[in-house]
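Structure data follow from run_14.cif (mmCIF, C-alpha atoms):
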```
data_my_file
#
loop_
_atom_site.group_PDB
_atom_site.id
_atom_site.type_symbol
_atom_site.label_atom_id
_atom_site.label_comp_id
_atom_site.auth_asym_id
_atom_site.auth_seq_id
_atom_site.Cartn_x
_atom_site.Cartn_y
_atom_site.Cartn_z
ATOM 1 C CA MET A 266 -24.313 4.653 4.318
ATOM 2 C CA ASN A 267 -26.068 7.686 2.949
ATOM 3 C CA ASP A 268 -25.846 8.988 -0.631
ATOM 4 C CA ALA A 269 -23.115 11.536 0.143
ATOM 5 C CA GLN A 270 -20.904 8.821 1.661
ATOM 6 C CA LYS A 271 -21.507 6.544 -1.337
ATOM 7 C CA LYS A 272 -20.493 9.310 -3.748
ATOM 8 C CA MET A 273 -17.397 10.039 -1.668
ATOM 9 C CA LEU A 274 -16.532 6.325 -1.595
ATOM 10 C CA SER A 275 -16.850 6.063 -5.384
ATOM 11 C CA ARG A 276 -14.749 9.175 -5.954
ATOM 12 C CA LEU A 277 -11.974 8.067 -3.566
ATOM 13 C CA ARG A 278 -11.859 4.540 -5.038
ATOM 14 C CA GLU A 279 -11.621 5.844 -8.596
ATOM 15 C CA GLN A 280 -8.728 8.076 -7.493
ATOM 16 C CA GLY A 281 -6.880 4.918 -6.521
ATOM 17 C CA LEU A 282 -7.272 4.823 -2.728
ATOM 18 C CA GLY A 283 -7.422 1.444 -1.025
ATOM 19 C CA TYR A 284 -10.259 0.084 1.093
ATOM 20 C CA ILE A 285 -8.577 0.903 4.431
ATOM 21 C CA LYS A 286 -7.890 4.546 3.555
ATOM 22 C CA ILE A 287 -11.432 4.973 2.243
ATOM 23 C CA ALA A 288 -12.890 3.477 5.421
ATOM 24 C CA LYS A 289 -10.805 5.878 7.520
ATOM 25 C CA ALA A 290 -11.875 8.854 5.398
ATOM 26 C CA ILE A 291 -15.560 7.950 5.596
ATOM 27 C CA GLY A 292 -15.249 6.279 9.011
ATOM 28 C CA VAL A 293 -16.525 9.209 11.058
ATOM 29 C CA ILE A 294 -19.773 7.281 11.419
ATOM 30 C CA GLY A 295 -18.049 3.914 11.754
ATOM 31 C CA VAL A 296 -17.991 2.450 8.259
ATOM 32 C CA SER A 297 -15.878 -0.707 8.340
ATOM 33 C CA VAL A 298 -13.316 -1.830 5.769
ATOM 34 C CA ASN A 299 -15.489 -4.837 4.900
ATOM 35 C CA THR A 300 -18.452 -2.556 4.179
ATOM 36 C CA VAL A 301 -16.331 -0.483 1.802
ATOM 37 C CA LYS A 302 -14.929 -3.595 0.119
ATOM 38 C CA SER A 303 -18.318 -5.256 -0.370
ATOM 39 C CA TYR A 304 -19.877 -2.021 -1.681
ATOM 40 C CA CYS A 305 -17.054 -1.641 -4.235
ATOM 41 C CA LYS A 306 -17.350 -5.276 -5.323
ATOM 42 C CA ARG A 307 -21.160 -5.119 -5.602
ATOM 43 C CA HIS A 308 -21.119 -1.939 -7.669
ATOM 44 C CA ALA A 309 -17.966 -2.815 -9.686
ATOM 45 C CA ILE A 310 -16.085 0.291 -8.552
ATOM 46 C CA GLN A 311 -12.443 -0.205 -9.496
ATOM 47 C CA ALA A 312 -9.361 1.888 -8.874
ATOM 48 C CA LYS A 313 -8.285 3.364 -12.181
ATOM 49 C CA ASN A 314 -4.557 2.881 -11.820
ATOM 50 C CA GLY A 315 -3.606 1.679 -15.270
ATOM 51 C CA TYR A 316 0.017 2.832 -15.195
ATOM 52 C CA CYS A 317 3.244 1.582 -13.600
ATOM 53 C CA LEU A 318 3.933 3.498 -10.378
ATOM 54 C CA TYR A 319 7.641 3.761 -11.205
ATOM 55 C CA CYS A 320 8.058 4.320 -14.954
ATOM 56 C CA GLY A 321 4.506 5.268 -15.995
ATOM 57 C CA LYS A 322 4.081 2.603 -18.720
ATOM 58 C CA SER A 323 0.554 1.451 -19.411
ATOM 59 C CA LEU A 324 -0.415 -1.789 -17.632
ATOM 60 C CA LYS A 325 -2.713 -4.526 -18.814
ATOM 61 C CA GLN A 326 -4.871 -5.695 -15.898
ATOM 62 C CA VAL A 327 -5.882 -9.352 -15.816
ATOM 63 C CA LYS A 328 -9.588 -9.744 -15.173
ATOM 64 C CA GLY A 329 -10.245 -11.568 -11.911
ATOM 65 C CA GLY A 330 -6.589 -11.355 -10.904
ATOM 66 C CA ARG A 331 -4.669 -9.181 -8.515
ATOM 67 C CA GLU A 332 -4.310 -5.561 -9.542
ATOM 68 C CA ARG A 333 -0.937 -4.858 -11.144
ATOM 69 C CA LYS A 334 0.956 -1.787 -9.951
ATOM 70 C CA PHE A 335 4.287 -2.277 -11.727
ATOM 71 C CA CYS A 336 5.248 -3.388 -15.228
ATOM 72 C CA ASN A 337 8.099 -5.650 -14.068
ATOM 73 C CA ASP A 338 10.164 -6.687 -11.037
ATOM 74 C CA GLU A 339 12.865 -4.090 -11.725
ATOM 75 C CA CYS A 340 10.338 -1.233 -11.515
ATOM 76 C CA ARG A 341 8.812 -2.759 -8.371
ATOM 77 C CA MET A 342 12.186 -2.997 -6.603
ATOM 78 C CA ASN A 343 13.257 0.488 -7.717
ATOM 79 C CA TRP A 344 9.983 2.011 -6.501
ATOM 80 C CA TRP A 345 10.204 0.335 -3.072
ATOM 81 C CA ASN A 346 13.891 1.289 -2.732
ATOM 82 C CA THR A 347 13.017 4.941 -3.372
ATOM 83 C CA HIS A 348 9.985 4.825 -1.038
ATOM 84 C CA ARG A 349 11.455 3.104 2.008
ATOM 85 C CA ASP A 350 9.444 5.330 4.340
ATOM 86 C CA LEU A 351 6.257 3.549 3.193
ATOM 87 C CA VAL A 352 7.495 0.120 4.311
ATOM 88 C CA HIS A 353 5.967 -0.918 7.626
ATOM 89 C CA HIS A 354 7.790 -3.803 9.256
ATOM 90 C CA ARG A 355 5.815 -5.474 12.018
ATOM 91 C CA ASN A 356 8.792 -6.654 14.043
ATOM 92 C CA ALA A 357 11.235 -3.777 13.523
ATOM 93 C CA ARG A 358 13.343 -2.843 16.535
ATOM 94 C CA GLU A 359 16.144 -0.382 17.160
ATOM 95 C CA VAL A 360 19.515 -1.644 18.418
ATOM 96 C CA VAL A 361 22.740 0.137 19.380
ATOM 97 C CA CYS A 362 25.809 -1.231 17.604
ATOM 98 C CA PRO A 363 28.391 -2.371 20.221
ATOM 99 C CA ASN A 364 31.249 -1.456 17.862
ATOM 100 C CA CYS A 365 30.449 2.087 16.655
ATOM 101 C CA HIS A 366 27.596 2.926 19.121
ATOM 102 C CA LYS A 367 25.224 4.011 16.333
ATOM 103 C CA LEU A 368 21.511 3.330 16.520
ATOM 104 C CA PHE A 369 20.161 1.177 13.671
ATOM 105 C CA THR A 370 16.919 -0.630 12.839
ATOM 106 C CA VAL A 371 16.741 -4.414 12.723
ATOM 107 C CA THR A 372 13.928 -6.251 10.947
ATOM 108 C CA GLY A 373 13.236 -9.960 10.905
ATOM 109 C CA SER A 374 13.719 -12.613 13.512
ATOM 110 C CA LYS A 375 17.486 -13.099 13.141
ATOM 111 C CA PRO A 376 19.457 -11.836 16.144
ATOM 112 C CA ARG A 377 21.682 -9.051 14.835
ATOM 113 C CA LYS A 378 24.140 -6.987 16.894
ATOM 114 C CA TYR A 379 26.222 -4.955 14.460
ATOM 115 C CA CYS A 380 25.273 -2.336 11.899
#
```
Could you spell out this file's structure in structure tokens?
Amino acid sequence: MNDAQKKMLSRLREQGLGYIKIAKAIGVIGVSVNTVKSYCKRHAIQAKNGYCLYCGKSLKQVKGGRERKFCNDECRMNWWNTHRDLVHHRNAREVVCPNCHKLFTVTGSKPRKYC
């Protein structure tokens, strides 16, 4: 990576972007996710998200632990329920209900017929 890409990487990481999004943004030349991750770890570049994504309360990050994004489970569930479009289910499929003939999405491995 050249100096311009390193500066861009640092700026994007400090804005809170993840490794994958940074790699895609810089990836015109083919920078991999692992390269971005190792560069951030080596140079101690951290995302500066110190607030709950749902309510905005200040969060205390545990050193060496996973980065906290929510202050509690209630905020986490509320945020995901209001941002359902960001959920990517790997095995989602669309099925037509035999009763009302509406199209609905099924996730998981359980066989489901009705909406």
Around (2.2, -4.0, -20.8) in the file's frame, which residues reach within 12 Å when counting all atoms listed in the file? Return as a tab-separated table (two decimals) with C-alpha atoms, in the frame of the given file?
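Result file follows (out32.tsv):
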```
chain	number	residue	atom	x	y	z
A	315	GLY	CA	-3.61	1.68	-15.27
A	316	TYR	CA	0.02	2.83	-15.20
A	317	CYS	CA	3.24	1.58	-13.60
A	320	CYS	CA	8.06	4.32	-14.95
A	321	GLY	CA	4.51	5.27	-16.00
A	322	LYS	CA	4.08	2.60	-18.72
A	323	SER	CA	0.55	1.45	-19.41
A	324	LEU	CA	-0.42	-1.79	-17.63
A	325	LYS	CA	-2.71	-4.53	-18.81
A	326	GLN	CA	-4.87	-5.70	-15.90
A	327	VAL	CA	-5.88	-9.35	-15.82
A	333	ARG	CA	-0.94	-4.86	-11.14
A	334	LYS	CA	0.96	-1.79	-9.95
A	335	PHE	CA	4.29	-2.28	-11.73
A	336	CYS	CA	5.25	-3.39	-15.23
A	337	ASN	CA	8.10	-5.65	-14.07
```
(request) Using the chain letters and numbers from the file, give me the residues hit by the PyMOL selection byres ((chain A and resi 280-289) around 12), as a PyMOL selection string. (result) chain A and resi 266+270-279+290-306+310-316+318+332+334
(message) Can you translate the PyMOL selection byres ((chain A and resi 378) around 12) into the concrete residues it hits in this file, as a PyMOL selection string?
(response) chain A and resi 358-372+375-377+379-380
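With only C-alpha atoms as the atoms that count, the residue of A:His354, A:Arg349, A:Lys328, A:Arg341 with the shortest distance to Gly373 (chain A) is A:His354.
For the pair CA of Asp338 (chain A) and CA of Ala309 (chain A), the separation is 28.4 Å.
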(request) Could you please determine the separation between CA of Ala357 (chain A) and CA of Tyr319 (chain A) in Å, to one decimal place? (result)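 So the two atoms, CA of Ala357 (chain A) and CA of Tyr319 (chain A), lie 26.1 Å apart.
Take CA of His353 (chain A) and CA of Cys340 (chain A): the distance between them is 19.6 Å.
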